[in-house]
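See below for the structure under consideration.
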Amino acid sequence: MTDSPATLEQLLELNSRSRVILEGADRAGARAMLKAVGFSDDDLKKPIIGIANTWTEIGPCNFHLRRLSAKVKEGIRRAGGTPLEFNTVSISDGITMGTEGMKASLISREIIADSIELVARGNFFDGIICLAACDKTMPGTIMAMIRLDIPGIMLYGGSIAPGNYRGQDVTVQDVYEAIGAYTAGKISAEELKAIEDVACPGPGACGGQFTANTMATVGEILGICPMGMSDIPAMDDNKDRVSYDLGQIMMNMIEQDIRPSKIITRASLENAVASIAASGGSTNGVLHTLAFAREAGIPFTIDDIENISRNTPLICDLKPTGRFVATDMYRAGGIRLLAQRLVEGGYADGSTLTVTGRTLAEEAASARETPGQEVIRTWQNPISPNGGLHILKGNLAPNGAVVKLKGTEPRKFRGPARVFDSEIAAFDAVKRQEIRPGDVVVIRYEGPVGGPGMQEMLQITAALVGQGLGDSVMLITDGRFSGATRGLMIGHIAPEAAVGGPIGLLREGDIITVDIDSRSLNVELSDDELNARHRAWQPPAPHYVNGVFAKYARLVAQADDGAVTNTLHGLKA
């Protein structure tokens with residue numbers, strides 16, 4: 001199909017799915033209902049394209065998606081399709097952080113996937129375009145598209161512009177670290193308020209290589225988002241232009257039968273993990289790539305992720321461990337330049353297919369590097385010889401744990417456990433300045449089942465950094481972290497405490513050791529002692545006995561299995 005409008009006869013060849021619900025005398029009732037909201041007979045004869053919009057006015061990440069949706073619909077109509085928009089949920093991690101509401105975040109990923117799948121199956125769309133922005137909306141929409149396996153595209157709404165405080169770029173990460181500095185008496189209440197006021201200057205998702213921009217990178221490298229569209233900032237005029245272009249891309253996908261099962265493969269998942277490793281991306285990328293594998297039935301494990309990250313150097317100098325923000329990366333050459341580096345360096349398979357019908361290598365070939373840029377380094381000048389992600393195992397994490405490191409953090413740590421059975425209890429101790437250099441903060445019963453929902457813990461990790469303890473304290477948890485977390489903060493410990501994992505057996509003062517080079521995390525206790533403690537251990541009462549949180553806790557897999565709730569989560573290798 002060309003960029004010229006198709007004839008009605010040509011379009012009739014592209015609407016085979018939607019004919020089930022809209023064609024024939026017995027479907028007159030369905031057509032009557034759609035005519036009631038303004039659709040014509042010609043509209044209903046064209047390919048029906050669902051638009052799953054994660055718009056919300058709760059927070060900046062998704063606030064502008066109505067604007068982009070209007071452009072997407074214009075582009076679909078111009079290309080000869082009929083758009084049908086619907087909404088799904090979104091939880092703002094930055095707003096809920098540090099409260100019971102944070103438990104809703106990871107659970108929302110499953111609800112987003114379920115709701116999109118439900119609406120799309122119910123309405124027999126010929127294709128679907130998903131507008132996403134906040135941390136869980138991107139993986140949730142991709143999971144839904146994998147299940148549906150109809151032509152599908154994910155478009156990231158784009159990064160927020162950085163704030164400016166005393167001449168320096170700042171993000172929401174700086175706000176949380178300022179909270180820690182304030183509790184330690186290092187800054188005044190007025191300074192904290194000043195940072196709060198400027199950190200988030202308008203719509204868009206958090207500006208570092210935190211979870212949102214990590215998953216935007218994954219979307220393009222995976223091939224499910226058109227190359228060059230994710231990293232355009234939220235309020236850039238080019239975002240409207242590319243949103244409009246999605247209509248023609250979608251019609252071409254339907255014509256060529258380009259579906260997620262042809263795009264999301266073992267090779268493209270490996271490419272995606274390499275992009276996380278090379279860019280210093282979020283530990284949440286581990287959960288989400290594992291979830292994609294489970295949805296697609298692709299054997300893929302955290303050991304595969306460790307192998308890829310160990311052999312992929314870190315080359316992007318991005319916050320939270322680096323100097324630059326996402327808009328800087330866009331100006332430097334963007335995700336396309338990173339893709340070109342990965343392909344040319346042999347760290348990514350350039351033959352994988354993307355939604356445009358072109359391969360990753362073909363898309364990457366048109367990268368344009370801004371002269372003198374310092375954001376995306378070459379392989380000859382990496383920040384670290386290993387990627388940012390490290391998978392640790394040992395008697396405290398038999399099935400694995402995850403940490404993100406720049407390479408400048410301590411390689412070994414040994415210290416006494418300071419044990420807390422919730423993030424709130426641990427944060428209260430931090431605020432009271434009860435954590436000392438050399439301590440190992442243990443936060444447990446915050447895993448997929450125990451939380452439920454694996455709370456992100458940016459509030460406490462940033463507070464430790466803000467108090468000046470980032471290099472002298474270790475934190476371990478069966479919960480998870482924000483992409484903005486930095487330092488020796490180890491999460492996703494599996495199995496979790498709530499199901500009898502070893503982290504639930506720890507006592508105050510137990511000596512915990514980590515060795516990054518050997519990828520080990522252990523407690524200095526004998527097997528006999530651990531077994532004796534396990535025999536005496538009793539599972540805690542669940543926090544929720546009904547409702548969506550309780551349902552999630554009954555269904556969810558462990559973190560090393562992506563914390564998914566579908567029936568394929570037993571497929572690991």
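So you can find residues: chains in the structure tokens are A, B, ... in the order shown, residues in each start at 1, and ligands are numbered from 1 in order.
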
Residues near Ala553 of chain A, anyone? I mean within 7 Å using only C-alpha atoms, not counting same-chain ones fewer than 6 positions away, as an mmCIF file with C-alpha atoms, in the first residue's frame.
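File written: around_9.cif
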```cif
data_model
loop_
_atom_site.group_PDB
_atom_site.id
_atom_site.type_symbol
_atom_site.label_atom_id
_atom_site.label_comp_id
_atom_site.auth_asym_id
_atom_site.auth_seq_id
_atom_site.Cartn_x
_atom_site.Cartn_y
_atom_site.Cartn_z
ATOM 1 C CA PRO A 448 4.654 -10.046 44.281
ATOM 2 C CA VAL A 449 2.588 -12.078 46.771
ATOM 3 C CA PRO A 452 1.209 -7.658 47.105
#
```

Segment 257-498 of chain A: which residues are strand (DSSP E) by DSSP, as an NGL selection string? :A and (389-394 or 397-404 or 412-420 or 440-443 or 474-477 or 489-494)

Contact check, segment 228-296 of chain A to segment 61-77 of chain A, at most 12 Å, counting only C-alpha atoms, closest pairs as CSV:
```
residue,atom,partner,partner_atom,distance
A:Pro233,CA,A:Cys61,CA,11.3
A:Ala234,CA,A:His64,CA,7.6
A:Met235,CA,A:His64,CA,8.2
A:Asp236,CA,A:Leu68,CA,11.2
A:Asp237,CA,A:Leu68,CA,10.4
A:Asn238,CA,A:Leu68,CA,10.7
A:Lys239,CA,A:Leu68,CA,7.5
A:Asp240,CA,A:Leu68,CA,6.0
A:Arg241,CA,A:Lys71,CA,7.6
A:Val242,CA,A:Val72,CA,8.5
A:Ser243,CA,A:Val72,CA,5.0
A:Tyr244,CA,A:Gly75,CA,4.3
A:Asp245,CA,A:Gly75,CA,5.9
A:Leu246,CA,A:Val72,CA,6.3
A:Gly247,CA,A:Ile76,CA,3.8
A:Gln248,CA,A:Ile76,CA,6.7
A:Ile249,CA,A:Ile76,CA,9.1
A:Met250,CA,A:Ile76,CA,7.9
A:Met251,CA,A:Ile76,CA,8.0
A:Asn252,CA,A:Ile76,CA,11.2
```

Residue among A:Gln168, A:Glu363, A:Tyr347, A:Ile116 lying closest to Leu148 of chain A, counting only C-alpha atoms: A:Ile116

Extract, using only C-alpha atoms, all DNA, RNA and protein residues at most 10 Å from Leu337 of chain A, discarding same-chain residues fewer than 6 positions from it, and format them as a list in words.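 Residues meeting the cut-off are Gly228, Met329, Tyr330, Val343, Glu363, Ala364, Ala365, Ser366, Ala367, Arg368, Glu369, Thr370 and Ile376 of chain A.
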
Taking 3 positions as the minimum chain separation for residues in the same chain, which residues sit within 9 Å of Ser279 of chain A when counting only C-alpha atoms? Answer as number ranges by chain. A: 209, 214, 217, 274-276, 313-318, 338, 376, 387-388

Selection file, N, CA, C and O atoms, as a CSV table (one decimal), in the first residue's frame:
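Contents of result02.csv, freshly written:
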```csv
chain,number,residue,atom,x,y,z
A,209,GLN,N,17.0,7.8,32.4
A,209,GLN,CA,16.8,6.5,31.9
A,209,GLN,C,16.2,5.6,33.0
A,209,GLN,O,16.8,4.7,33.5
A,214,THR,N,13.4,3.6,29.8
A,214,THR,CA,13.9,2.3,29.5
A,214,THR,C,13.0,1.5,28.6
A,214,THR,O,13.4,0.9,27.6
A,217,THR,N,12.9,2.7,25.1
A,217,THR,CA,14.1,2.1,24.4
A,217,THR,C,13.8,0.7,24.0
A,217,THR,O,14.0,0.3,22.8
A,274,ALA,N,19.9,-6.1,25.6
A,274,ALA,CA,21.2,-5.5,25.3
A,274,ALA,C,21.1,-4.0,25.4
A,274,ALA,O,22.0,-3.2,25.8
A,275,SER,N,19.9,-3.5,24.9
A,275,SER,CA,19.7,-2.0,24.9
A,275,SER,C,19.6,-1.5,26.4
A,275,SER,O,20.0,-0.4,26.7
A,276,ILE,N,18.9,-2.3,27.2
A,276,ILE,CA,18.8,-1.9,28.6
A,276,ILE,C,20.2,-1.9,29.3
A,276,ILE,O,20.6,-0.9,30.0
A,313,PRO,N,28.8,-3.8,27.1
A,313,PRO,CA,29.3,-2.6,27.8
A,313,PRO,C,28.2,-1.6,28.0
A,313,PRO,O,27.3,-1.4,27.1
A,314,LEU,N,28.3,-0.8,29.0
A,314,LEU,CA,27.5,0.4,29.3
A,314,LEU,C,28.1,1.6,28.6
A,314,LEU,O,29.2,2.0,28.8
A,315,ILE,N,27.3,2.2,27.7
A,315,ILE,CA,27.9,3.3,26.9
A,315,ILE,C,27.0,4.6,27.0
A,315,ILE,O,27.5,5.6,26.4
A,316,CYS,N,25.9,4.5,27.6
A,316,CYS,CA,25.0,5.7,27.7
A,316,CYS,C,25.2,6.4,29.0
A,316,CYS,O,25.0,5.8,30.1
A,317,ASP,N,25.5,7.7,29.0
A,317,ASP,CA,25.8,8.4,30.2
A,317,ASP,C,24.5,9.1,30.7
A,317,ASP,O,24.4,10.3,30.6
A,318,LEU,N,23.6,8.3,31.2
A,318,LEU,CA,22.2,8.8,31.5
A,318,LEU,C,21.9,8.7,33.0
A,318,LEU,O,22.4,7.8,33.7
A,338,LEU,N,21.7,4.5,19.3
A,338,LEU,CA,22.0,3.4,20.1
A,338,LEU,C,21.8,2.1,19.4
A,338,LEU,O,22.7,1.2,19.5
A,376,ILE,N,26.0,9.2,24.2
A,376,ILE,CA,26.1,7.8,23.7
A,376,ILE,C,27.5,7.6,23.3
A,376,ILE,O,27.9,8.1,22.2
A,387,GLY,N,27.2,-4.4,31.2
A,387,GLY,CA,26.0,-3.6,31.2
A,387,GLY,C,25.6,-3.3,32.7
A,387,GLY,O,26.1,-3.8,33.6
A,388,GLY,N,24.6,-2.4,32.8
A,388,GLY,CA,24.1,-2.0,34.1
A,388,GLY,C,23.5,-3.0,34.9
A,388,GLY,O,23.5,-2.9,36.2
```

Determine the nearest neighbour of Met229 of chain A from the options A:Lys136, A:Arg336, A:His288, A:Arg78, counting only C-alpha atoms.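 So, comparing all the options, the nearest one is A:Arg336.
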